[in-house]
>>> print(open('model_35.json').read())   # JSON, C-alpha atoms
[["chain", "number", "residue", "atom", "x", "y", "z"],
["F", 20, "MET", "CA", -21.45, -13.51, -9.82],
["F", 21, "GLY", "CA", -20.70, -15.73, -6.82],
["F", 22, "LEU", "CA", -17.28, -16.67, -5.47],
["F", 23, "THR", "CA", -14.10, -15.15, -6.85],
["F", 24, "ILE", "CA", -10.42, -15.50, -6.10],
["F", 25, "GLY", "CA", -8.07, -12.72, -5.11],
["F", 26, "VAL", "CA", -4.33, -13.18, -5.70],
["F", 27, "ASP", "CA", -1.69, -11.25, -3.79],
["F", 28, "ILE", "CA", 1.83, -11.33, -5.28],
["F", 29, "GLY", "CA", 4.40, -10.84, -2.54],
["F", 30, "GLY", "CA", 8.16, -10.83, -2.50],
["F", 31, "THR", "CA", 8.38, -14.24, -0.82],
["F", 32, "LYS", "CA", 4.98, -15.82, -1.43],
["F", 33, "ILE", "CA", 1.96, -15.72, -3.72],
["F", 34, "ALA", "CA", -1.34, -16.05, -1.88],
["F", 35, "ALA", "CA", -4.71, -16.86, -3.45],
["F", 36, "GLY", "CA", -7.97, -16.67, -1.53],
["F", 37, "VAL", "CA", -11.55, -17.65, -2.32],
["F", 38, "VAL", "CA", -13.70, -14.65, -1.35],
["F", 39, "ASP", "CA", -17.48, -14.31, -1.14],
["F", 40, "GLU", "CA", -19.60, -11.23, -1.88],
["F", 41, "HIS", "CA", -19.31, -10.07, 1.75],
["F", 42, "GLY", "CA", -15.51, -9.95, 1.62],
["F", 43, "THR", "CA", -15.10, -13.11, 3.68],
["F", 44, "ILE", "CA", -12.11, -15.30, 2.79],
["F", 45, "LEU", "CA", -13.27, -18.91, 2.66],
["F", 46, "GLU", "CA", -10.06, -20.66, 1.64],
["F", 47, "THR", "CA", -6.46, -19.71, 0.96],
["F", 48, "SER", "CA", -3.46, -21.23, -0.72],
["F", 49, "THR", "CA", 0.12, -20.00, -0.78],
["F", 50, "VAL", "CA", 3.09, -20.92, -2.91],
["F", 51, "PRO", "CA", 6.64, -19.53, -2.80],
["F", 52, "THR", "CA", 7.35, -16.66, -5.15],
["F", 53, "PRO", "CA", 9.72, -18.04, -7.80],
["F", 54, "PRO", "CA", 13.11, -16.36, -8.16],
["F", 55, "THR", "CA", 12.47, -15.46, -11.82],
["F", 56, "ALA", "CA", 9.55, -13.59, -13.34],
["F", 57, "ASP", "CA", 9.09, -16.24, -16.02],
["F", 58, "HIS", "CA", 7.89, -18.76, -13.43],
["F", 59, "VAL", "CA", 5.61, -16.41, -11.48],
["F", 60, "ILE", "CA", 2.69, -16.97, -13.88],
["F", 61, "ASP", "CA", 2.83, -20.74, -13.36],
["F", 62, "ALA", "CA", 2.97, -20.17, -9.59],
["F", 63, "ILE", "CA", -0.12, -17.93, -9.74],
["F", 64, "ALA", "CA", -1.99, -20.63, -11.64],
["F", 65, "ASP", "CA", -0.92, -23.26, -9.09],
["F", 66, "ALA", "CA", -2.13, -21.13, -6.17],
["F", 67, "VAL", "CA", -5.47, -20.47, -7.87],
["F", 68, "ARG", "CA", -6.03, -24.16, -8.60],
["F", 69, "ASP", "CA", -5.17, -25.15, -5.03],
["F", 70, "ALA", "CA", -7.45, -22.53, -3.47],
["F", 71, "SER", "CA", -10.40, -23.37, -5.70],
["F", 72, "ALA", "CA", -10.16, -27.16, -5.48],
["F", 73, "GLU", "CA", -13.37, -27.43, -3.41],
["F", 74, "TYR", "CA", -15.20, -24.34, -4.67],
["F", 75, "GLU", "CA", -16.90, -23.23, -7.86],
["F", 76, "VAL", "CA", -15.21, -19.97, -8.77],
["F", 77, "ASP", "CA", -16.38, -17.49, -11.40],
["F", 78, "ALA", "CA", -13.39, -15.18, -11.86],
["F", 79, "VAL", "CA", -9.91, -14.30, -10.60],
["F", 80, "GLY", "CA", -8.43, -10.93, -9.65],
["F", 81, "ILE", "CA", -4.67, -10.44, -9.41],
["F", 82, "GLY", "CA", -3.06, -7.59, -7.49],
["F", 83, "ALA", "CA", 0.15, -6.72, -9.31],
["F", 84, "PRO", "CA", 2.92, -4.60, -7.76],
["F", 85, "GLY", "CA", 3.34, -2.17, -10.61],
["F", 86, "TYR", "CA", 1.68, -0.14, -13.35],
["F", 87, "VAL", "CA", -1.37, -1.84, -14.89],
["F", 88, "ASP", "CA", -2.86, -0.63, -18.17],
["F", 89, "ASP", "CA", -6.32, 0.90, -18.57],
["F", 90, "LYS", "CA", -7.78, -2.42, -19.80],
["F", 91, "ARG", "CA", -6.65, -4.15, -16.59],
["F", 92, "ALA", "CA", -4.86, -6.76, -18.66],
["F", 93, "THR", "CA", -1.18, -5.85, -19.00],
["F", 94, "VAL", "CA", 1.44, -5.04, -16.39],
["F", 95, "LEU", "CA", 3.27, -2.15, -17.99],
["F", 96, "PHE", "CA", 6.08, -1.98, -15.46],
["F", 97, "THR", "CA", 7.00, -3.49, -12.13],
["F", 98, "PRO", "CA", 10.49, -3.04, -10.71],
["F", 99, "ASN", "CA", 10.77, -6.17, -8.57],
["F", 100, "LEU", "CA", 9.60, -8.77, -11.12],
["F", 101, "THR", "CA", 11.15, -7.10, -14.19],
["F", 102, "TRP", "CA", 7.82, -7.29, -16.02],
["F", 103, "ARG", "CA", 7.64, -4.89, -18.97],
["F", 104, "HIS", "CA", 4.34, -4.85, -20.92],
["F", 105, "GLU", "CA", 3.60, -8.31, -19.55],
["F", 106, "ALA", "CA", 0.29, -9.71, -20.91],
["F", 107, "LEU", "CA", -0.53, -11.18, -17.52],
["F", 108, "LYS", "CA", -4.29, -11.51, -18.02],
["F", 109, "ASP", "CA", -4.02, -13.57, -21.19],
["F", 110, "LYS", "CA", -1.23, -15.78, -19.89],
["F", 111, "VAL", "CA", -3.00, -16.65, -16.64],
["F", 112, "GLU", "CA", -6.36, -17.20, -18.39],
["F", 113, "GLN", "CA", -4.71, -19.73, -20.68],
["F", 114, "ARG", "CA", -3.60, -21.72, -17.65],
["F", 115, "ILE", "CA", -6.72, -21.64, -15.47],
["F", 116, "ASP", "CA", -9.61, -21.24, -17.95],
["F", 117, "LEU", "CA", -11.29, -18.50, -15.90],
["F", 118, "PRO", "CA", -11.81, -14.75, -16.53],
["F", 119, "VAL", "CA", -8.98, -12.70, -15.02],
["F", 120, "VAL", "CA", -8.79, -9.05, -13.97],
["F", 121, "ILE", "CA", -5.43, -7.41, -13.19],
["F", 122, "GLU", "CA", -5.23, -4.45, -10.80],
["F", 123, "ASN", "CA", -2.46, -2.52, -9.12],
["F", 124, "ASP", "CA", -2.01, -3.98, -5.64],
["F", 125, "ALA", "CA", -2.35, -0.64, -3.82],
["F", 126, "ASN", "CA", -5.55, 0.11, -5.74],
["F", 127, "ALA", "CA", -6.83, -3.34, -4.76],
["F", 128, "ALA", "CA", -6.05, -2.73, -1.08],
["F", 129, "ALA", "CA", -7.75, 0.68, -1.22],
["F", 130, "TRP", "CA", -10.87, -0.87, -2.72],
["F", 131, "GLY", "CA", -10.88, -3.59, -0.08],
["F", 132, "GLU", "CA", -10.76, -1.06, 2.75],
["F", 133, "TYR", "CA", -13.41, 1.10, 1.10],
["F", 134, "LYS", "CA", -15.81, -1.76, 0.43],
["F", 135, "PHE", "CA", -15.31, -4.01, 3.45],
["F", 136, "GLY", "CA", -13.07, -2.20, 5.92],
["F", 137, "ILE", "CA", -12.81, 1.13, 7.70],
["F", 138, "GLY", "CA", -13.93, 3.06, 4.59],
["F", 139, "THR", "CA", -17.51, 1.79, 4.57],
["F", 140, "GLY", "CA", -19.94, 4.69, 4.73],
["F", 141, "HIS", "CA", -17.66, 7.06, 2.78],
["F", 142, "GLU", "CA", -18.05, 7.81, -0.92],
["F", 143, "ASP", "CA", -14.81, 9.75, -1.38],
["F", 144, "VAL", "CA", -11.71, 8.12, 0.11],
["F", 145, "VAL", "CA", -7.97, 8.41, -0.38],
["F", 146, "CYS", "CA", -5.84, 5.53, 0.89],
["F", 147, "ILE", "CA", -2.10, 5.46, 1.43],
["F", 148, "THR", "CA", -0.11, 2.38, 2.29],
["F", 149, "ILE", "CA", 3.07, 3.04, 4.26],
["F", 150, "GLY", "CA", 5.29, -0.02, 4.01],
["F", 151, "THR", "CA", 8.78, -0.39, 2.62],
["F", 152, "GLY", "CA", 7.64, 2.21, 0.09],
["F", 153, "LEU", "CA", 4.48, 4.29, -0.20],
["F", 154, "GLY", "CA", 1.49, 3.50, -2.40],
["F", 155, "GLY", "CA", -2.12, 4.50, -2.58],
["F", 156, "GLY", "CA", -5.53, 4.45, -4.14],
["F", 157, "VAL", "CA", -8.41, 6.87, -4.71],
["F", 158, "ILE", "CA", -12.15, 6.23, -4.61],
["F", 159, "ILE", "CA", -14.31, 9.08, -5.95],
["F", 160, "GLY", "CA", -18.08, 8.87, -5.82],
["F", 161, "GLY", "CA", -17.87, 5.20, -4.91],
["F", 162, "LYS", "CA", -15.70, 4.31, -7.92],
["F", 163, "LEU", "CA", -12.02, 3.42, -8.07],
["F", 164, "HIS", "CA", -10.17, 6.20, -9.86],
["F", 165, "ARG", "CA", -7.59, 4.65, -12.19],
["F", 166, "GLY", "CA", -6.88, 7.57, -14.53],
["F", 167, "ARG", "CA", -6.85, 7.63, -18.32],
["F", 168, "PHE", "CA", -3.97, 5.15, -18.64],
["F", 169, "GLY", "CA", -4.64, 3.11, -15.50],
["F", 170, "VAL", "CA", -1.70, 4.34, -13.44],
["F", 171, "ALA", "CA", -3.26, 6.96, -11.15],
["F", 172, "ALA", "CA", -2.47, 7.28, -7.43],
["F", 173, "GLU", "CA", 1.24, 6.44, -7.56],
["F", 174, "PHE", "CA", 1.61, 8.73, -4.56],
["F", 175, "GLY", "CA", 5.00, 7.46, -3.49],
["F", 176, "HIS", "CA", 6.59, 9.18, -6.44],
["F", 177, "ILE", "CA", 5.16, 12.64, -5.97],
["F", 178, "ARG", "CA", 8.24, 14.85, -5.69],
["F", 179, "MET", "CA", 8.10, 16.43, -2.25],
["F", 180, "VAL", "CA", 11.64, 17.83, -2.19],
["F", 181, "PRO", "CA", 13.21, 19.28, -5.35],
["F", 182, "ASP", "CA", 16.66, 17.71, -5.82],
["F", 183, "GLY", "CA", 16.06, 15.66, -2.67],
["F", 184, "LEU", "CA", 17.02, 12.09, -1.83],
["F", 185, "LEU", "CA", 17.53, 9.71, -4.74],
["F", 186, "CYS", "CA", 14.61, 7.30, -5.13],
["F", 187, "GLY", "CA", 14.67, 3.80, -6.57],
["F", 188, "CYS", "CA", 12.50, 5.07, -9.43],
["F", 189, "GLY", "CA", 15.38, 7.27, -10.59],
["F", 190, "ASN", "CA", 13.92, 10.62, -9.52],
["F", 191, "GLN", "CA", 14.91, 12.68, -6.50],
["F", 192, "GLY", "CA", 12.84, 13.83, -3.56],
["F", 193, "CYS", "CA", 9.94, 11.36, -3.90],
["F", 194, "TRP", "CA", 7.43, 11.24, -1.03],
["F", 195, "GLU", "CA", 8.28, 7.63, -0.16],
["F", 196, "GLN", "CA", 11.85, 8.65, 0.59],
["F", 197, "TYR", "CA", 10.49, 10.64, 3.54],
["F", 198, "ALA", "CA", 7.32, 8.79, 4.60],
["F", 199, "SER", "CA", 7.88, 5.04, 4.46],
["F", 200, "GLY", "CA", 9.23, 2.17, 6.50],
["F", 201, "SER", "CA", 12.59, 2.59, 4.79],
["F", 202, "ALA", "CA", 12.64, 6.27, 5.74],
["F", 203, "LEU", "CA", 11.76, 5.38, 9.35],
["F", 204, "VAL", "CA", 14.78, 3.07, 9.58],
["F", 205, "ARG", "CA", 17.01, 5.77, 8.11],
["F", 206, "TYR", "CA", 15.77, 8.37, 10.60],
["F", 207, "ALA", "CA", 16.36, 6.04, 13.54],
["F", 208, "ARG", "CA", 19.85, 5.04, 12.44],
["F", 209, "GLN", "CA", 20.84, 8.66, 11.88],
["F", 210, "ARG", "CA", 19.53, 9.72, 15.27],
["F", 211, "ALA", "CA", 21.10, 6.77, 17.05],
["F", 212, "THR", "CA", 24.45, 7.69, 15.49],
["F", 213, "ALA", "CA", 24.13, 11.34, 16.48],
["F", 214, "THR", "CA", 22.85, 10.80, 20.04],
["F", 215, "PRO", "CA", 23.52, 7.21, 21.17],
["F", 216, "GLU", "CA", 22.79, 8.20, 24.76],
["F", 217, "ASN", "CA", 19.15, 8.74, 23.76],
["F", 218, "ALA", "CA", 18.98, 5.45, 21.85],
["F", 219, "ALA", "CA", 19.99, 2.96, 24.54],
["F", 220, "ILE", "CA", 16.70, 1.05, 24.37],
["F", 221, "LEU", "CA", 16.70, 1.00, 20.58],
["F", 222, "LEU", "CA", 20.31, -0.12, 20.27],
["F", 223, "GLY", "CA", 19.79, -2.77, 22.93],
["F", 224, "LEU", "CA", 17.07, -4.39, 20.84],
["F", 225, "GLY", "CA", 19.44, -4.82, 17.91],
["F", 226, "ASP", "CA", 23.11, -5.69, 17.78],
["F", 227, "GLY", "CA", 24.18, -2.55, 19.61],
["F", 228, "THR", "CA", 25.04, -0.55, 16.49],
["F", 229, "PRO", "CA", 22.96, 1.95, 14.51],
["F", 230, "GLU", "CA", 23.48, -0.18, 11.39],
["F", 231, "GLY", "CA", 21.76, -3.08, 13.14],
["F", 232, "VAL", "CA", 18.55, -1.15, 13.79],
["F", 233, "GLU", "CA", 15.49, -2.56, 11.97],
["F", 234, "GLY", "CA", 11.86, -1.52, 11.76],
["F", 235, "LYS", "CA", 10.70, -4.01, 14.40],
["F", 236, "HIS", "CA", 13.26, -2.61, 16.84],
["F", 237, "ILE", "CA", 11.99, 0.95, 16.31],
["F", 238, "SER", "CA", 8.40, -0.07, 16.99],
["F", 239, "GLU", "CA", 9.27, -1.90, 20.20],
["F", 240, "ALA", "CA", 11.60, 0.85, 21.39],
["F", 241, "ALA", "CA", 8.93, 3.50, 20.76],
["F", 242, "ARG", "CA", 6.46, 1.50, 22.85],
["F", 243, "GLN", "CA", 9.04, 1.51, 25.63],
["F", 244, "GLY", "CA", 9.42, 5.29, 25.36],
["F", 245, "CYS", "CA", 12.81, 5.47, 23.65],
["F", 246, "PRO", "CA", 13.29, 9.14, 22.64],
["F", 247, "VAL", "CA", 15.07, 8.35, 19.37],
["F", 248, "ALA", "CA", 12.42, 5.84, 18.28],
["F", 249, "VAL", "CA", 9.52, 8.14, 19.17],
["F", 250, "ASP", "CA", 11.17, 11.07, 17.40],
["F", 251, "SER", "CA", 11.77, 8.93, 14.30],
["F", 252, "PHE", "CA", 8.07, 8.08, 14.12],
["F", 253, "ARG", "CA", 7.23, 11.76, 14.50],
["F", 254, "GLU", "CA", 9.52, 12.66, 11.61],
["F", 255, "LEU", "CA", 7.87, 10.09, 9.36],
["F", 256, "ALA", "CA", 4.45, 11.35, 10.48],
["F", 257, "ARG", "CA", 5.39, 14.96, 9.74],
["F", 258, "TRP", "CA", 6.08, 14.09, 6.11],
["F", 259, "ALA", "CA", 3.09, 11.77, 5.83],
["F", 260, "GLY", "CA", 0.70, 14.40, 7.17],
["F", 261, "ALA", "CA", 2.12, 17.10, 4.91],
["F", 262, "GLY", "CA", 1.51, 14.85, 1.91],
["F", 263, "LEU", "CA", -2.08, 14.18, 2.98],
["F", 264, "ALA", "CA", -2.65, 17.92, 3.15],
["F", 265, "ASP", "CA", -1.55, 18.20, -0.47],
["F", 266, "LEU", "CA", -3.83, 15.31, -1.46],
["F", 267, "ALA", "CA", -6.72, 17.06, 0.30],
["F", 268, "SER", "CA", -6.20, 20.02, -2.00],
["F", 269, "LEU", "CA", -6.44, 17.67, -4.99],
["F", 270, "PHE", "CA", -9.26, 15.32, -4.00],
["F", 271, "ASP", "CA", -11.07, 16.77, -0.95],
["F", 272, "PRO", "CA", -11.96, 13.30, 0.41],
["F", 273, "GLY", "CA", -14.18, 12.55, 3.36],
["F", 274, "ALA", "CA", -11.56, 10.22, 4.80],
["F", 275, "PHE", "CA", -7.92, 9.27, 4.48],
["F", 276, "ILE", "CA", -7.15, 5.65, 5.26],
["F", 277, "VAL", "CA", -3.60, 4.86, 6.32],
["F", 278, "GLY", "CA", -2.54, 1.26, 5.82],
["F", 279, "GLY", "CA", 0.66, -0.72, 5.46],
["F", 280, "GLY", "CA", 2.97, -2.06, 8.13],
["F", 281, "VAL", "CA", 3.69, 1.30, 9.71],
["F", 282, "SER", "CA", -0.01, 1.86, 10.41],
["F", 283, "ASP", "CA", 0.02, -1.19, 12.68],
["F", 284, "GLU", "CA", 1.49, 1.10, 15.35],
["F", 285, "GLY", "CA", -1.91, 2.79, 15.72],
["F", 286, "ASP", "CA", -2.06, 6.16, 17.44],
["F", 287, "LEU", "CA", 1.71, 6.17, 17.96],
["F", 288, "VAL", "CA", 1.94, 7.16, 14.30],
["F", 289, "LEU", "CA", -1.66, 8.16, 13.47],
["F", 290, "ASP", "CA", -1.93, 10.97, 16.03],
["F", 291, "PRO", "CA", 1.19, 12.81, 14.77],
["F", 292, "ILE", "CA", 0.06, 12.25, 11.17],
["F", 293, "ARG", "CA", -3.28, 13.90, 12.03],
["F", 294, "LYS", "CA", -1.47, 16.78, 13.71],
["F", 295, "SER", "CA", 0.81, 17.32, 10.71],
["F", 296, "TYR", "CA", -2.13, 17.08, 8.31],
["F", 297, "ARG", "CA", -3.97, 19.84, 10.17],
["F", 298, "ARG", "CA", -0.81, 21.91, 10.36],
["F", 299, "TRP", "CA", -0.19, 21.89, 6.59],
["F", 300, "LEU", "CA", -3.77, 21.86, 5.30],
["F", 301, "VAL", "CA", -4.46, 25.09, 3.40],
["F", 302, "GLY", "CA", -7.23, 27.05, 5.13],
["F", 303, "SER", "CA", -7.20, 24.54, 7.96],
["F", 304, "ARG", "CA", -9.00, 26.83, 10.42],
["F", 305, "TRP", "CA", -11.94, 27.46, 8.12],
["F", 306, "ARG", "CA", -12.57, 24.26, 6.20],
["F", 307, "PRO", "CA", -13.83, 20.78, 7.13],
["F", 308, "HIS", "CA", -11.14, 18.20, 7.87],
["F", 309, "ALA", "CA", -11.16, 14.70, 6.44],
["F", 310, "GLU", "CA", -10.93, 11.92, 8.99],
["F", 311, "VAL", "CA", -7.55, 10.18, 9.14],
["F", 312, "LEU", "CA", -8.27, 6.52, 9.87],
["F", 313, "ALA", "CA", -6.18, 3.42, 10.41],
["F", 314, "ALA", "CA", -6.82, 0.61, 7.94],
["F", 315, "ARG", "CA", -8.80, -2.30, 9.37],
["F", 316, "LEU", "CA", -8.17, -5.25, 7.05],
["F", 317, "GLY", "CA", -4.40, -5.39, 7.32],
["F", 318, "GLY", "CA", -2.70, -7.71, 4.87],
["F", 319, "LYS", "CA", -6.03, -9.11, 3.67],
["F", 320, "ALA", "CA", -7.15, -5.84, 2.05],
["F", 321, "GLY", "CA", -5.52, -6.46, -1.32],
["F", 322, "MET", "CA", -6.79, -10.01, -1.68],
["F", 323, "VAL", "CA", -10.34, -9.07, -0.69],
["F", 324, "GLY", "CA", -10.31, -5.94, -2.83],
["F", 325, "VAL", "CA", -9.06, -7.50, -6.04],
["F", 326, "ALA", "CA", -11.44, -10.44, -5.65],
["F", 327, "ASP", "CA", -14.33, -7.97, -5.48],
["F", 328, "LEU", "CA", -13.04, -6.07, -8.51],
["F", 329, "ALA", "CA", -12.95, -9.36, -10.40],
["F", 330, "ARG", "CA", -16.56, -9.95, -9.37],
["F", 331, "GLN", "CA", -17.51, -6.67, -11.03],
["F", 332, "GLY", "CA", -15.81, -7.77, -14.25]]
>>> encode(input="model_35.json", output="structure tokens")
Amino acid sequence: MGLTIGVDIGGTKIAAGVVDEHGTILETSTVPTPPTADHVIDAIADAVRDASAEYEVDAVGIGAPGYVDDKRATVLFTPNLTWRHEALKDKVEQRIDLPVVIENDANAAAWGEYKFGIGTGHEDVVCITIGTGLGGGVIIGGKLHRGRFGVAAEFGHIRMVPDGLLCGCGNQGCWEQYASGSALVRYARQRATATPENAAILLGLGDGTPEGVEGKHISEAARQGCPVAVDSFRELARWAGAGLADLASLFDPGAFIVGGGVSDEGDLVLDPIRKSYRRWLVGSRWRPHAEVLAARLGGKAGMVGVADLARQG
């Protein structure tokens, strides 16, 4: 199979890219994400047609933000688009007359990093994406692990703290409530409220109040050495590393790949994650340690990954 298209469904835009067998994006097209789920399918078809106008394309892969069934055809559940058992594959195929593969967007990003990014050379990889929430993907023996029903690797909803913070999924104590961009903002606001004298840089980047602190302010303040911002990143990293240690007990990968917006901060967050991982890893002194690596492809990982999965059929 030659060229394929990868589709990334975002909160504000839908992006489609023509991708070759080397993971190179040749052409892209973006359309606004419609306000209602009913119109998203038409928008996907429009983006695909625009991207492929000058290329002969063999198949389309769509990264969906939710649970995808084992046949990679139906979106069982996605909170933001209110899809429930949505027959996305069939509906898009009817509009574009091309074979379509549906995959969870975090799985797609994991595959992209494994195949074309920092994961090349590893056969067993666990990826986590730390953005607004926390997602992930698992590659075992060079194959994407989807589970019996297609919904494996929903790491963000592992319960880390019994009766802990309420999560948007309805459970309490989920990992993403402690290791995500949303958690980082919460940590910084709490610390800025408790010790404003240590948060002068951070508060100065916003509107002067803890409630005005946003993720971009925390990153910039940490780079300037703000104690509250640095400590907030360390708290996130402590929880992230502890979770990786648990995943090591389950999967024993050769590498962990950390992606998502938070990973853009590089060693500011990766070094404390590595430290926490080693601290909580069972038998840490006597067993090999997986590498903890920063993702390389950034926001392109999902598009490239799902296009390659579509190529495989």
>>> atom_distance(input="model_35.json", atom1="atom CA of Ala211 of chain F", atom2="atom CA of Pro229 of chain F")
5.8 Å
>>> atom_distance(input="model_35.json", atom1="atom CA of Leu328 of chain F", atom2="atom CA of Thr55 of chain F")
27.4 Å
>>> atom_distance(input="model_35.json", atom1="atom CA of Asn190 of chain F", atom2="atom CA of Ala259 of chain F")
18.8 Å
>>> residues_around(input="model_35.json", residues="segment 269-281 of chain F", least_positions_apart="4", cutoff="7 Å", atoms="only C-alpha atoms", output="JSON, numbers by chain")
{"F": [141, 143, 144, 145, 146, 147, 148, 149, 150, 200, 265, 309, 310, 311, 312, 313, 314]}
>>> residues_around(input="model_35.json", residues="Gly324 of chain F", least_positions_apart="3", cutoff="12 Å", atoms="all atoms listed in the file", output="ChimeraX atom specification")
/F:23-27,36-44,79-82,120-136,156,163,316-321,327-331
>>> closest_residue(input="model_35.json", among="F:Leu153, F:Leu266, F:Leu224, F:Val170", to="Cys193 of chain F", atoms="only C-alpha atoms")
F:Leu153
>>> closest_residue(input="model_35.json", among="F:Ile63, F:Leu300, F:Ala72, F:Leu289", to="Ser268 of chain F", atoms="all atoms listed in the file")
F:Leu300
>>> decode(input="model_35.json", residues="segment 162-174 of chain F", atoms="N, CA and C atoms", output="JSON list (two decimals), in the first residue's frame")
[["chain", "number", "residue", "atom", "x", "y", "z"],
["F", 162, "LYS", "N", 4.03, -5.09, 18.33],
["F", 162, "LYS", "CA", 2.62, -5.02, 17.95],
["F", 162, "LYS", "C", 1.86, -4.16, 18.96],
["F", 163, "LEU", "N", 0.94, -3.36, 18.44],
["F", 163, "LEU", "CA", 0.10, -2.53, 19.29],
["F", 163, "LEU", "C", -0.84, -3.42, 20.09],
["F", 164, "HIS", "N", -0.81, -3.27, 21.41],
["F", 164, "HIS", "CA", -1.66, -4.07, 22.28],
["F", 164, "HIS", "C", -2.96, -3.32, 22.52],
["F", 165, "ARG", "N", -4.07, -3.88, 22.00],
["F", 165, "ARG", "CA", -5.36, -3.22, 22.10],
["F", 165, "ARG", "C", -6.29, -3.89, 23.11],
["F", 166, "GLY", "N", -5.95, -5.11, 23.54],
["F", 166, "GLY", "CA", -6.82, -5.82, 24.46],
["F", 166, "GLY", "C", -7.94, -6.55, 23.75],
["F", 167, "ARG", "N", -8.65, -7.38, 24.48],
["F", 167, "ARG", "CA", -9.72, -8.20, 23.89],
["F", 167, "ARG", "C", -10.81, -7.34, 23.27],
["F", 168, "PHE", "N", -11.18, -6.25, 23.93],
["F", 168, "PHE", "CA", -12.30, -5.43, 23.47],
["F", 168, "PHE", "C", -11.86, -4.12, 22.83],
["F", 169, "GLY", "N", -10.54, -3.94, 22.66],
["F", 169, "GLY", "CA", -10.03, -2.77, 21.97],
["F", 169, "GLY", "C", -9.78, -1.55, 22.83],
["F", 170, "VAL", "N", -9.95, -1.66, 24.14],
["F", 170, "VAL", "CA", -9.88, -0.46, 24.98],
["F", 170, "VAL", "C", -8.76, -0.56, 26.03],
["F", 171, "ALA", "N", -7.67, -1.24, 25.67],
["F", 171, "ALA", "CA", -6.54, -1.32, 26.59],
["F", 171, "ALA", "C", -5.83, 0.03, 26.70],
["F", 172, "ALA", "N", -4.99, 0.14, 27.73],
["F", 172, "ALA", "CA", -4.08, 1.27, 27.92],
["F", 172, "ALA", "C", -4.79, 2.59, 28.23],
["F", 173, "GLU", "N", -5.96, 2.54, 28.85],
["F", 173, "GLU", "CA", -6.59, 3.77, 29.33],
["F", 173, "GLU", "C", -5.99, 4.11, 30.70],
["F", 174, "PHE", "N", -4.71, 4.46, 30.66],
["F", 174, "PHE", "CA", -3.93, 4.63, 31.89],
["F", 174, "PHE", "C", -4.45, 5.75, 32.78]]
